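Raw contents of query01.txt, compact mmCIF, C-alpha atoms:
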```txt
# COMPACT_ATOMS: atom_id res chain seq x y z
CA MET A 1 9.50 -60.93 29.64
CA HIS A 2 6.16 -62.74 29.90
CA VAL A 3 3.64 -61.00 27.62
CA LEU A 4 -0.11 -61.64 27.81
CA PHE A 5 -2.01 -61.25 24.53
CA LEU A 6 -5.67 -60.22 24.87
CA PRO A 7 -7.16 -60.38 21.35
CA LYS A 8 -10.72 -59.47 20.49
CA TRP A 9 -10.68 -61.86 17.53
CA TYR A 10 -9.02 -65.27 17.52
CA PRO A 11 -9.50 -68.62 15.77
CA GLY A 12 -11.94 -70.87 17.59
CA ARG A 13 -14.59 -73.54 17.18
CA ASN A 14 -17.07 -71.30 15.41
CA ASP A 15 -14.62 -69.75 12.95
CA PRO A 16 -11.10 -71.11 12.29
CA GLN A 17 -10.24 -68.00 10.22
CA LEU A 18 -11.30 -65.33 12.72
CA GLY A 19 -8.27 -63.33 13.81
CA ASP A 20 -5.78 -65.79 12.34
CA PHE A 21 -3.53 -62.80 11.60
CA LEU A 22 -3.45 -62.04 15.34
CA ARG A 23 -2.42 -65.60 16.06
CA LYS A 24 0.44 -65.22 13.60
CA GLN A 25 1.58 -62.13 15.50
CA ALA A 26 1.52 -64.11 18.74
CA ILE A 27 3.63 -66.83 17.12
CA ALA A 28 6.08 -64.21 15.83
CA VAL A 29 6.49 -62.59 19.25
CA ALA A 30 6.80 -65.99 20.95
CA ARG A 31 9.98 -66.58 18.92
CA HIS A 32 11.56 -63.83 21.04
CA THR A 33 9.86 -63.91 24.46
CA PRO A 34 7.28 -66.00 26.38
CA VAL A 35 3.71 -65.27 25.23
CA SER A 36 0.40 -66.36 26.71
CA VAL A 37 -2.85 -65.75 24.83
CA LEU A 38 -6.15 -65.33 26.66
CA CYS A 39 -9.33 -64.87 24.67
CA ALA A 40 -13.04 -65.32 25.35
CA LEU A 41 -15.17 -66.41 22.43
CA PRO A 42 -18.96 -66.83 22.14
CA LEU A 43 -20.20 -70.40 21.85
CA THR A 44 -23.22 -70.97 19.61
CA GLY A 45 -23.39 -74.76 19.77
CA GLY A 46 -21.81 -77.91 21.16
CA ASN A 47 -23.16 -77.83 24.69
CA ASP A 48 -21.12 -80.90 25.61
CA MET A 49 -17.81 -79.27 24.64
CA PRO A 50 -15.33 -78.03 27.27
CA MET A 51 -15.49 -74.33 28.11
CA GLN A 52 -11.71 -73.92 28.05
CA GLU A 53 -9.10 -75.19 25.59
CA VAL A 54 -5.32 -74.92 25.82
CA PHE A 55 -2.97 -75.08 22.83
CA ASP A 56 0.80 -74.66 22.98
CA SER A 57 2.21 -76.35 19.89
CA ASP A 58 3.27 -73.29 17.84
CA GLY A 59 5.13 -71.22 20.41
CA PRO A 60 2.57 -69.17 22.36
CA TRP A 61 0.53 -70.78 25.14
CA GLU A 62 -3.08 -70.23 24.09
CA LEU A 63 -6.12 -70.39 26.37
CA ARG A 64 -9.44 -70.11 24.55
CA CYS A 65 -12.35 -69.60 26.93
CA TYR A 66 -15.94 -69.95 25.73
CA TYR A 67 -19.19 -68.49 26.96
CA ARG A 68 -22.78 -69.15 25.93
CA ALA A 69 -23.86 -66.41 23.56
CA SER A 70 -27.19 -64.85 24.50
CA THR A 71 -29.98 -65.01 21.93
CA ASN A 72 -32.22 -62.47 23.66
CA PRO A 73 -34.11 -60.52 20.94
CA ILE A 74 -33.72 -57.24 22.87
CA THR A 75 -30.38 -55.93 21.60
CA PRO A 76 -29.26 -53.84 24.63
CA LEU A 77 -30.10 -56.67 27.02
CA ARG A 78 -28.37 -59.23 24.80
CA LYS A 79 -25.21 -57.12 24.67
CA LEU A 80 -25.26 -56.62 28.44
CA VAL A 81 -25.65 -60.33 29.11
CA ASN A 82 -22.86 -61.19 26.67
CA LEU A 83 -20.55 -58.60 28.24
CA TYR A 84 -21.17 -60.14 31.67
CA ARG A 85 -20.51 -63.65 30.35
CA TYR A 86 -17.41 -62.47 28.52
CA GLN A 87 -16.02 -60.93 31.70
CA ARG A 88 -16.70 -64.11 33.69
CA ALA A 89 -14.93 -66.21 31.07
CA MET A 90 -11.96 -63.84 31.05
CA HIS A 91 -11.63 -63.83 34.85
CA ALA A 92 -11.69 -67.63 34.91
CA GLY A 93 -9.08 -67.67 32.19
CA TRP A 94 -6.93 -65.11 33.98
CA ARG A 95 -6.79 -67.29 37.10
CA ARG A 96 -5.60 -70.20 34.98
CA VAL A 97 -2.99 -68.07 33.22
CA VAL A 98 -1.48 -66.95 36.53
CA GLN A 99 -1.61 -70.48 37.96
CA GLU A 100 0.01 -72.19 34.97
CA ARG A 101 2.11 -69.43 33.42
CA GLY A 102 2.76 -66.91 36.15
CA MET A 103 2.10 -63.18 36.33
CA PRO A 104 2.74 -61.37 33.03
CA ARG A 105 5.06 -58.37 32.86
CA LEU A 106 3.06 -56.70 30.09
CA VAL A 107 -0.42 -56.97 28.54
CA HIS A 108 -0.85 -56.60 24.78
CA VAL A 109 -4.42 -55.73 23.74
CA HIS A 110 -5.44 -56.44 20.17
CA ILE A 111 -8.50 -54.45 19.09
CA LEU A 112 -10.94 -52.65 21.38
CA VAL A 113 -13.16 -52.58 23.36
CA ARG A 114 -13.68 -55.57 25.66
CA PRO A 115 -10.05 -56.75 25.87
CA ALA A 116 -8.91 -53.21 26.71
CA LEU A 117 -11.47 -52.94 29.50
CA PHE A 118 -10.10 -56.15 30.99
CA ALA A 119 -6.53 -54.89 30.58
CA ARG A 120 -7.43 -51.71 32.45
CA ARG A 121 -8.63 -53.83 35.37
CA LEU A 122 -5.30 -55.62 35.45
CA LEU A 123 -3.51 -52.26 35.35
CA ARG A 124 -5.51 -50.95 38.31
CA ARG A 125 -5.25 -54.11 40.39
CA TYR A 126 -1.74 -55.33 39.62
CA GLY A 127 -0.03 -52.36 37.98
CA ILE A 128 0.62 -54.29 34.76
CA PRO A 129 0.99 -51.82 31.86
CA PHE A 130 -0.82 -52.50 28.61
CA LEU A 131 -0.42 -51.44 25.01
CA ILE A 132 -3.06 -51.37 22.30
CA SER A 133 -2.70 -52.66 18.75
CA GLU A 134 -5.46 -51.73 16.33
CA GLN A 135 -6.43 -53.42 13.09
CA SER A 136 -10.13 -52.65 12.77
CA SER A 137 -11.45 -50.98 9.63
CA GLU A 138 -14.17 -49.21 11.65
CA TYR A 139 -11.85 -46.20 11.98
CA LEU A 140 -11.72 -45.96 8.18
CA ASP A 141 -15.23 -46.82 6.97
CA GLY A 142 -17.20 -44.35 9.10
CA THR A 143 -18.39 -46.90 11.69
CA PHE A 144 -16.46 -45.33 14.56
CA ALA A 145 -17.48 -41.83 13.51
CA ARG A 146 -21.14 -42.83 13.82
CA LYS A 147 -20.75 -44.13 17.37
CA GLY A 148 -22.27 -42.24 20.27
CA PRO A 149 -20.32 -39.80 22.48
CA MET A 150 -20.25 -42.24 25.43
CA PHE A 151 -18.64 -44.98 23.32
CA LYS A 152 -16.09 -42.56 21.90
CA ALA A 153 -15.25 -41.25 25.37
CA ILE A 154 -14.61 -44.78 26.65
CA ASN A 155 -12.32 -45.49 23.70
CA GLN A 156 -10.41 -42.24 24.15
CA ARG A 157 -9.88 -42.97 27.84
CA LEU A 158 -8.60 -46.49 27.12
CA PHE A 159 -6.18 -45.19 24.52
CA ARG A 160 -4.89 -42.52 26.93
CA GLN A 161 -4.23 -45.17 29.59
CA ALA A 162 -2.27 -47.37 27.18
CA ALA A 163 1.50 -47.27 27.51
CA ALA A 164 1.88 -47.49 23.73
CA VAL A 165 -0.27 -47.72 20.60
CA THR A 166 0.49 -49.56 17.39
CA ALA A 167 -1.35 -49.65 14.10
CA VAL A 168 -1.02 -52.24 11.40
CA SER A 169 -0.46 -49.56 8.77
CA ASP A 170 0.30 -45.85 8.63
CA TRP A 171 -3.07 -45.41 6.89
CA LEU A 172 -4.84 -46.72 9.99
CA GLY A 173 -2.54 -44.90 12.41
CA GLN A 174 -3.38 -41.56 10.82
CA ALA A 175 -7.07 -42.37 11.25
CA LEU A 176 -6.55 -43.05 14.97
CA VAL A 177 -4.91 -39.64 15.36
CA LYS A 178 -7.69 -37.99 13.36
CA HIS A 179 -10.31 -39.47 15.71
CA GLY A 180 -8.43 -38.07 18.71
CA LEU A 181 -7.56 -41.50 20.10
CA CYS A 182 -3.79 -41.04 20.23
CA ALA A 183 -1.14 -38.46 19.45
CA ARG A 184 1.53 -40.92 18.37
CA TYR A 185 1.71 -44.52 17.25
CA ASP A 186 4.13 -47.13 15.95
CA VAL A 187 3.47 -49.13 12.80
CA VAL A 188 3.96 -52.88 13.15
CA PRO A 189 2.57 -54.85 10.21
CA ASN A 190 0.95 -58.24 10.22
CA VAL A 191 3.01 -61.30 9.52
CA VAL A 192 2.83 -62.35 5.91
CA PRO A 193 2.88 -66.16 5.86
CA GLY A 194 3.97 -68.31 2.97
CA THR A 195 7.56 -67.15 2.45
CA ASP A 196 8.81 -70.42 3.95
CA ARG A 197 6.89 -72.47 1.39
CA PRO A 198 8.41 -73.62 -1.88
CA LEU A 199 7.70 -70.99 -4.50
CA PRO A 200 4.94 -72.42 -6.70
CA SER A 201 4.96 -72.19 -10.46
CA PRO A 202 2.77 -69.54 -12.10
CA GLY A 203 -0.85 -70.66 -12.25
CA PRO A 204 -3.20 -70.54 -15.22
CA PRO A 205 -3.41 -66.94 -16.50
CA GLY A 206 -7.21 -66.97 -16.46
CA GLN A 207 -7.61 -68.33 -12.94
CA PHE A 208 -8.31 -65.64 -10.33
CA LEU A 209 -8.84 -65.95 -6.58
CA VAL A 210 -10.69 -63.87 -3.97
CA VAL A 211 -10.20 -64.53 -0.24
CA ALA A 212 -12.56 -62.43 1.87
CA ASP A 213 -15.32 -62.38 4.42
CA LEU A 214 -18.48 -62.20 2.35
CA VAL A 215 -19.61 -58.85 3.71
CA ASP A 216 -20.11 -56.94 0.50
CA ARG A 217 -20.22 -53.40 1.85
CA THR A 218 -16.61 -53.88 2.94
CA LYS A 219 -15.12 -56.41 0.52
CA ASN A 220 -17.16 -55.60 -2.62
CA VAL A 221 -17.03 -59.14 -3.98
CA SER A 222 -20.08 -58.26 -6.09
CA GLY A 223 -17.84 -55.86 -8.01
CA VAL A 224 -15.49 -58.75 -8.81
CA LEU A 225 -18.39 -60.75 -10.22
CA ARG A 226 -19.53 -57.82 -12.35
CA ALA A 227 -15.99 -57.22 -13.62
CA LEU A 228 -15.58 -60.92 -14.37
CA ALA A 229 -18.76 -60.88 -16.46
CA LEU A 230 -17.54 -57.78 -18.34
CA ALA A 231 -14.13 -59.34 -18.99
CA ARG A 232 -15.56 -62.65 -20.15
CA SER A 233 -17.76 -60.84 -22.65
CA SER A 234 -14.57 -59.99 -24.55
CA GLY A 235 -13.95 -63.69 -25.14
CA ALA A 236 -11.32 -64.24 -22.44
CA ASP A 237 -11.39 -67.65 -20.71
CA LEU A 238 -11.61 -66.49 -17.10
CA ASN A 239 -12.53 -68.34 -13.91
CA LEU A 240 -12.87 -67.24 -10.31
CA THR A 241 -12.56 -69.05 -6.97
CA ILE A 242 -13.96 -67.38 -3.85
CA ILE A 243 -12.81 -68.45 -0.37
CA GLY A 244 -14.69 -67.13 2.65
CA GLY A 245 -18.07 -67.09 4.28
CA GLY A 246 -20.45 -64.47 5.52
CA PRO A 247 -23.97 -63.06 5.38
CA ASP A 248 -23.84 -62.10 1.70
CA ARG A 249 -22.93 -65.49 0.22
CA ALA A 250 -26.46 -66.26 -1.01
CA MET A 251 -26.74 -62.80 -2.56
CA LEU A 252 -23.42 -63.25 -4.36
CA GLU A 253 -24.36 -66.67 -5.68
CA GLN A 254 -27.61 -65.21 -6.97
CA LEU A 255 -25.73 -62.34 -8.60
CA ALA A 256 -23.35 -64.78 -10.31
CA THR A 257 -26.38 -66.59 -11.69
CA GLU A 258 -27.95 -63.36 -12.95
CA LEU A 259 -24.67 -62.31 -14.61
CA GLY A 260 -24.36 -65.68 -16.32
CA VAL A 261 -20.98 -66.54 -14.74
CA LEU A 262 -21.97 -69.06 -12.06
CA ALA A 263 -20.48 -71.91 -14.11
CA HIS A 264 -17.14 -70.10 -13.95
CA VAL A 265 -17.23 -69.23 -10.23
CA VAL A 266 -16.51 -71.63 -7.35
CA PHE A 267 -17.53 -70.77 -3.78
CA LEU A 268 -15.38 -72.81 -1.36
CA GLY A 269 -16.60 -71.28 1.90
CA ARG A 270 -14.29 -70.81 4.87
CA LEU A 271 -11.02 -72.76 4.90
CA PRO A 272 -8.12 -73.06 7.36
CA ASN A 273 -5.20 -70.85 6.44
CA SER A 274 -3.04 -73.76 5.25
CA GLU A 275 -5.72 -74.72 2.73
CA VAL A 276 -6.11 -71.09 1.65
CA LEU A 277 -2.40 -71.01 0.86
CA ASP A 278 -2.71 -74.30 -1.04
CA GLN A 279 -5.48 -72.81 -3.18
CA MET A 280 -3.49 -69.62 -3.65
CA ALA A 281 -0.46 -71.58 -4.86
CA ARG A 282 -2.56 -72.99 -7.71
CA THR A 283 -4.13 -69.74 -8.89
CA GLY A 284 -2.89 -67.31 -11.50
CA ALA A 285 -3.60 -64.05 -9.67
CA VAL A 286 -5.42 -62.68 -6.63
CA ILE A 287 -7.99 -59.88 -6.47
CA ILE A 288 -8.53 -57.54 -3.48
CA ASN A 289 -11.53 -55.37 -4.37
CA SER A 290 -12.23 -54.02 -0.89
CA ASN A 291 -13.66 -50.63 -0.04
CA PHE A 292 -11.53 -50.52 3.14
CA GLU A 293 -8.48 -52.51 4.28
CA THR A 294 -6.35 -51.65 7.29
CA PHE A 295 -3.58 -54.00 6.17
CA SER A 296 -4.72 -56.90 3.91
CA VAL A 297 -2.93 -60.07 4.93
CA VAL A 298 -4.33 -61.72 1.80
CA THR A 299 -2.35 -59.30 -0.37
CA GLY A 300 0.83 -60.21 1.45
CA GLU A 301 0.11 -63.94 1.32
CA ALA A 302 -0.43 -63.81 -2.44
CA LEU A 303 2.79 -61.88 -3.04
CA ALA A 304 4.72 -64.26 -0.76
CA LEU A 305 3.62 -67.07 -3.06
CA GLY A 306 4.72 -65.14 -6.12
CA LYS A 307 1.21 -64.33 -7.34
CA PRO A 308 0.44 -60.94 -8.89
CA VAL A 309 -2.31 -58.99 -7.16
CA ILE A 310 -4.97 -56.58 -8.36
CA ALA A 311 -5.95 -54.38 -5.41
CA THR A 312 -7.97 -51.25 -4.85
CA ARG A 313 -6.47 -48.13 -3.29
CA CYS A 314 -8.38 -48.94 -0.11
CA GLY A 315 -5.67 -48.46 2.50
CA GLY A 316 -3.40 -51.36 3.42
CA PRO A 317 -2.60 -52.79 -0.03
CA ILE A 318 -1.04 -49.49 -1.08
CA ALA A 319 2.00 -50.39 1.05
CA PHE A 320 2.47 -53.67 -0.86
CA ILE A 321 1.68 -53.15 -4.53
CA THR A 322 4.33 -52.05 -7.01
CA PRO A 323 4.47 -52.30 -10.82
CA GLU A 324 6.61 -55.42 -10.30
CA ASN A 325 3.99 -57.37 -8.40
CA GLY A 326 0.55 -56.15 -9.42
CA MET A 327 -1.83 -53.30 -10.13
CA LEU A 328 -3.66 -50.70 -8.05
CA ILE A 329 -7.10 -49.54 -9.19
CA PRO A 330 -9.67 -47.06 -7.82
CA VAL A 331 -12.14 -48.23 -5.21
CA GLY A 332 -15.54 -49.31 -6.54
CA ASP A 333 -14.59 -49.12 -10.22
CA ASP A 334 -15.88 -52.23 -12.05
CA THR A 335 -14.51 -51.04 -15.39
CA ALA A 336 -11.01 -50.51 -14.02
CA LEU A 337 -11.14 -53.96 -12.44
CA ARG A 338 -12.23 -55.49 -15.76
CA ASP A 339 -9.31 -53.81 -17.52
CA ALA A 340 -6.87 -55.00 -14.85
CA ILE A 341 -8.16 -58.59 -15.08
CA LEU A 342 -7.69 -58.56 -18.84
CA HIS A 343 -4.24 -57.00 -18.50
CA LEU A 344 -3.07 -59.77 -16.16
CA TYR A 345 -4.69 -62.39 -18.38
CA HIS A 346 -2.79 -61.20 -21.45
CA ASN A 347 0.49 -60.31 -19.69
CA ALA A 348 0.79 -63.00 -17.03
CA ARG A 349 4.32 -64.00 -18.09
CA SER A 350 5.65 -60.51 -17.39
CA TYR A 351 5.26 -61.07 -13.64
CA ASP A 352 8.17 -63.05 -12.18
CA PRO A 353 7.29 -65.09 -9.03
CA THR A 354 10.76 -64.74 -7.49
CA THR A 355 10.70 -60.96 -7.88
CA ILE A 356 7.18 -60.78 -6.48
CA ARG A 357 8.14 -62.73 -3.35
CA ARG A 358 11.18 -60.54 -2.75
CA THR A 359 8.96 -57.45 -2.46
CA VAL A 360 7.44 -58.73 0.82
CA SER A 361 9.79 -61.25 2.44
CA GLU A 362 12.07 -58.80 4.27
CA ARG A 363 9.51 -56.23 5.46
CA PHE A 364 6.68 -58.51 6.54
CA GLY A 365 8.41 -61.66 7.73
CA GLU A 366 7.87 -63.29 11.11
CA ASP A 367 11.19 -62.12 12.54
CA ALA A 368 10.64 -58.48 11.51
CA VAL A 369 7.20 -58.36 13.16
CA GLY A 370 8.33 -60.13 16.32
CA GLN A 371 11.36 -57.87 16.73
CA GLY A 372 9.22 -54.80 16.07
CA PHE A 373 6.91 -55.62 18.97
CA LEU A 374 9.81 -56.64 21.20
CA ASN A 375 11.39 -53.19 20.78
CA ILE A 376 8.13 -51.54 21.84
CA TYR A 377 7.75 -53.88 24.83
CA GLN A 378 11.22 -52.96 26.04
CA ARG A 379 10.46 -49.29 25.66
CA VAL A 380 7.30 -49.69 27.78
CA ILE A 381 9.10 -51.72 30.44
CA ASP A 382 11.87 -49.10 30.60
CA GLY A 383 9.27 -46.36 31.04
CA ARG A 384 10.06 -44.69 27.69
CA HIS A 385 6.39 -44.22 26.67
```
Just give me the structure of the file as structure tokens.
Amino acid sequence: MHVLFLPKWYPGRNDPQLGDFLRKQAIAVARHTPVSVLCALPLTGGNDMPMQEVFDSDGPWELRCYYRASTNPITPLRKLVNLYRYQRAMHAGWRRVVQERGMPRLVHVHILVRPALFARRLLRRYGIPFLISEQSSEYLDGTFARKGPMFKAINQRLFRQAAAVTAVSDWLGQALVKHGLCARYDVVPNVVPGTDRPLPSPGPPGQFLVVADLVDRTKNVSGVLRALALARSSGADLNLTIIGGGPDRAMLEQLATELGVLAHVVFLGRLPNSEVLDQMARTGAVIINSNFETFSVVTGEALALGKPVIATRCGGPIAFITPENGMLIPVGDDTALRDAILHLYHNARSYDPTTIRRTVSERFGEDAVGQGFLNIYQRVIDGRH
């Protein structure tokens, strides 16, 4: 069963972290059935670089197609030009997929809208069914609700034409139903990497780690800095490492300076996933202070490495966190985060790494995710929608 993945986000030249969780799903599925990945990514530099790249070392055959991103200052025109260039890149990629890999039996769309529009074309022209997997937080944070009626109608039509719908968490799936996008869905989680690594020893009790895109309205990293300052004022020796990049990095660095904690905060920027896991193995605990999370791969990664996690009740982490492996706190509560940081600092030895890993290894492993999708593929192929 040759399956074609069409992800909206995927690691590429501009961002090696973008959509890495989707790549892990492709790898998981490729353990069970042939997978080809076709994605089109905007190119913002490197005019002498090739416009297509093929990778096939980890299981799936991956074709990354690039297009020149428009810089037109008129937003509607820029979006129209980029849509046209995206479609051209995808059509060129599709021809190469068919030539080198053959016609797929099924198309698996990851995150709307552009990949689903392309999948619908393949359905109309070749009769290849497609399913949709959603991971976007826009269905939770009000972004989708604020979209115009035309955009919502397009999304609803695409969902109706899909042979199946999956969500990365029940929290997100319920939101899809609430928005009228689907009546039923299957939950297939992201792959939690790290369980195949040697279990590291507990890190320093006062060393905390945040891994997040630095978009503060979603990830609320500023709240972590404020909580760190509050906790340090009690005399605790606390330090924080932040991995990730984004538009709010300068603001966060300035805030750390104003709070007097910059000397105790390290900004590492974006890192490949292997280096993220290396940093995570050396930390004492991980903090997820998001306002919205559809799944939270970072939570799973930390637990797989035996690290306790402080997470907000923001969606995805709720499925992971138990009293054995961490603490759940309210969203946007700096005081509760301070108290949780101090609790982990003073009670670090009460969290057993082996027990923490066991809470995620069976439910979120590569084989479980791959088999979960394979069951849905077979149902679609058999016509049991």
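Coordinates place CA of Leu158 in chain A at a distance of 9.8 Å from CA of Leu131 in chain A.
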Against range 18-41 of chain A, which residues of range 272-314 of chain A fall within 10 Å? For each one I want the closest pair of atoms and the distance in Å (one decimal), counting all atoms listed in the file, rows by chain and increasing residue number, as CSV.
```
residue,atom,partner,partner_atom,distance
A:Pro272,CA,A:Asp20,CA,9.1
A:Asn273,CA,A:Asp20,CA,7.8
A:Ser296,CA,A:Phe21,CA,9.8
A:Val297,CA,A:Phe21,CA,7.2
A:Val298,CA,A:Phe21,CA,9.9
```
*Fewer than 3 positions away in the same chain doesn't count, so skip those; otherwise give me all residues within 10 Å of range 61-72 of chain A, counting all atoms listed in the file, as number ranges by chain.*
A: 4-5, 10-13, 23, 26-27, 30, 34-45, 47, 49-58, 75-94, 96-97, 100-101
*Do you know which residues lie at most 12 Å from (-11.1, -67.7, -20.8), with coordinates as in the file and all atoms listed in the file counted, and could you write them as a list of chain:residue names?*
A:Pro204, A:Pro205, A:Gly206, A:Gln207, A:Phe208, A:Leu228, A:Ala229, A:Ala231, A:Arg232, A:Ser233, A:Ser234, A:Gly235, A:Ala236, A:Asp237, A:Leu238, A:Asn239, A:Leu240, A:Val261, A:His264, A:Ile341, A:Leu342, A:Tyr345, A:His346
*Distance in Å - CA of Ile154 in chain A versus CA of Val113 in chain A*: 8.6 Å
_8 Å contact set for Leu181 in chain A, only C-alpha atoms, chain neighbours under 3 positions out, as JSON, numbers by chain_ = {"A": [155, 156, 159, 160, 176, 177, 178]}
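For the choices A:His110, A:Lys307, A:Arg357, A:Arg226, the atom-to-atom distance to Arg338 in chain A is smallest for A:Arg226 when using all atoms listed in the file.
Between CA of Pro200 in chain A and CA of Arg358 in chain A the interatomic distance comes to 14.0 Å.
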*For Gly142 in chain A, the nearest of the candidates A:Ala175, A:Ile243, A:Ile329, A:Leu259, counting all atoms listed in the file*: A:Ala175
Wanna dump the range 128-162 of chain A-range 283-295 of chain A contacts at 12 Å for me, each residue with its shortest atom pair and the distance in Å to one decimal, counting only C-alpha atoms, ordered by chain and number, as a tab-separated table?
```
residue	atom	partner	partner_atom	distance
A:Glu134	CA	A:Thr294	CA	9.1
A:Gln135	CA	A:Thr294	CA	6.1
A:Ser136	CA	A:Thr294	CA	6.7
A:Ser137	CA	A:Thr294	CA	5.7
A:Glu138	CA	A:Phe292	CA	9.0
A:Tyr139	CA	A:Thr294	CA	9.1
A:Leu140	CA	A:Phe292	CA	6.8
A:Asp141	CA	A:Phe292	CA	6.5
A:Gly142	CA	A:Phe292	CA	10.3
A:Thr143	CA	A:Phe292	CA	11.5
```
_Residues near Leu199 in chain A, cut-off 10 Å, all atoms listed in the file, skip fewer than 4 positions along chain, as a PyMOL selection string_ = chain A and resi 194-195+281+304-307+353-354+357
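Proximity of A:Ala163, A:Ile111, A:His343, A:Leu328 to Asp382 in chain A, computed with all atoms listed in the file, is greatest for A:Ala163.
When all atoms listed in the file are used to measure the gap to Ala167 in chain A, the shortest distance among A:Leu252, A:Val309, A:Met280, A:Phe373 belongs to A:Phe373.
Each of A:Phe130, A:Trp171, A:Tyr185, A:Phe267 was checked against Val210 in chain A using all atoms listed in the file; the smallest atom-to-atom distance is that of A:Phe267.
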*Residue nearest Arg157 in chain A among A:Val266, A:Val187, A:Gly180, A:Asn14 (counting only C-alpha atoms)*: A:Gly180
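The environment of range 363-368 of chain A within 6 Å, counting all atoms listed in the file and disregarding residues fewer than 2 places along the same chain, consists of A:Ala28, A:Val191, A:Val192, A:Val360, A:Ser361, A:Gly370, A:Gln371.
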Coordinates of range 378-383 of chain A, all heavy atoms, as a CSV table (one decimal), in the first residue's frame:
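Wrote it out as out-v7.csv, contents follow:
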```csv
chain,number,residue,atom,x,y,z
A,378,GLN,N,-6.3,0.9,6.0
A,378,GLN,CA,-7.0,-0.3,5.5
A,378,GLN,C,-8.5,-0.1,5.5
A,378,GLN,O,-9.2,-0.6,4.6
A,378,GLN,CB,-6.6,-1.5,6.4
A,378,GLN,CG,-6.9,-2.8,5.8
A,378,GLN,CD,-6.2,-3.1,4.5
A,378,GLN,OE1,-5.0,-3.0,4.5
A,378,GLN,NE2,-6.9,-3.3,3.4
A,379,ARG,N,-9.0,0.6,6.5
A,379,ARG,CA,-10.4,0.9,6.6
A,379,ARG,C,-10.8,1.7,5.4
A,379,ARG,O,-11.9,1.5,4.8
A,379,ARG,CB,-10.7,1.6,7.9
A,379,ARG,CG,-12.2,1.7,8.2
A,379,ARG,CD,-12.4,2.4,9.5
A,379,ARG,NE,-12.2,3.8,9.4
A,379,ARG,CZ,-11.8,4.6,10.4
A,379,ARG,NH1,-11.5,4.1,11.6
A,379,ARG,NH2,-11.6,5.9,10.2
A,380,VAL,N,-10.0,2.7,5.0
A,380,VAL,CA,-10.3,3.6,3.9
A,380,VAL,C,-10.3,2.8,2.6
A,380,VAL,O,-11.2,2.9,1.7
A,380,VAL,CB,-9.4,4.8,3.8
A,380,VAL,CG1,-9.5,5.5,2.5
A,380,VAL,CG2,-9.6,5.7,5.0
A,381,ILE,N,-9.2,2.0,2.4
A,381,ILE,CA,-9.1,1.2,1.2
A,381,ILE,C,-10.3,0.2,1.0
A,381,ILE,O,-10.8,-0.1,-0.1
A,381,ILE,CB,-7.8,0.4,1.2
A,381,ILE,CG1,-6.6,1.4,1.1
A,381,ILE,CG2,-7.7,-0.6,0.0
A,381,ILE,CD1,-6.6,2.2,-0.1
A,382,ASP,N,-10.7,-0.4,2.2
A,382,ASP,CA,-11.8,-1.3,2.1
A,382,ASP,C,-13.2,-0.7,2.0
A,382,ASP,O,-14.2,-1.3,1.9
A,382,ASP,CB,-11.8,-2.2,3.4
A,382,ASP,CG,-10.6,-3.1,3.5
A,382,ASP,OD1,-9.9,-3.3,2.5
A,382,ASP,OD2,-10.3,-3.6,4.6
A,383,GLY,N,-13.2,0.7,2.0
A,383,GLY,CA,-14.5,1.4,1.8
A,383,GLY,C,-15.3,1.5,3.1
A,383,GLY,O,-16.4,1.9,3.1
```
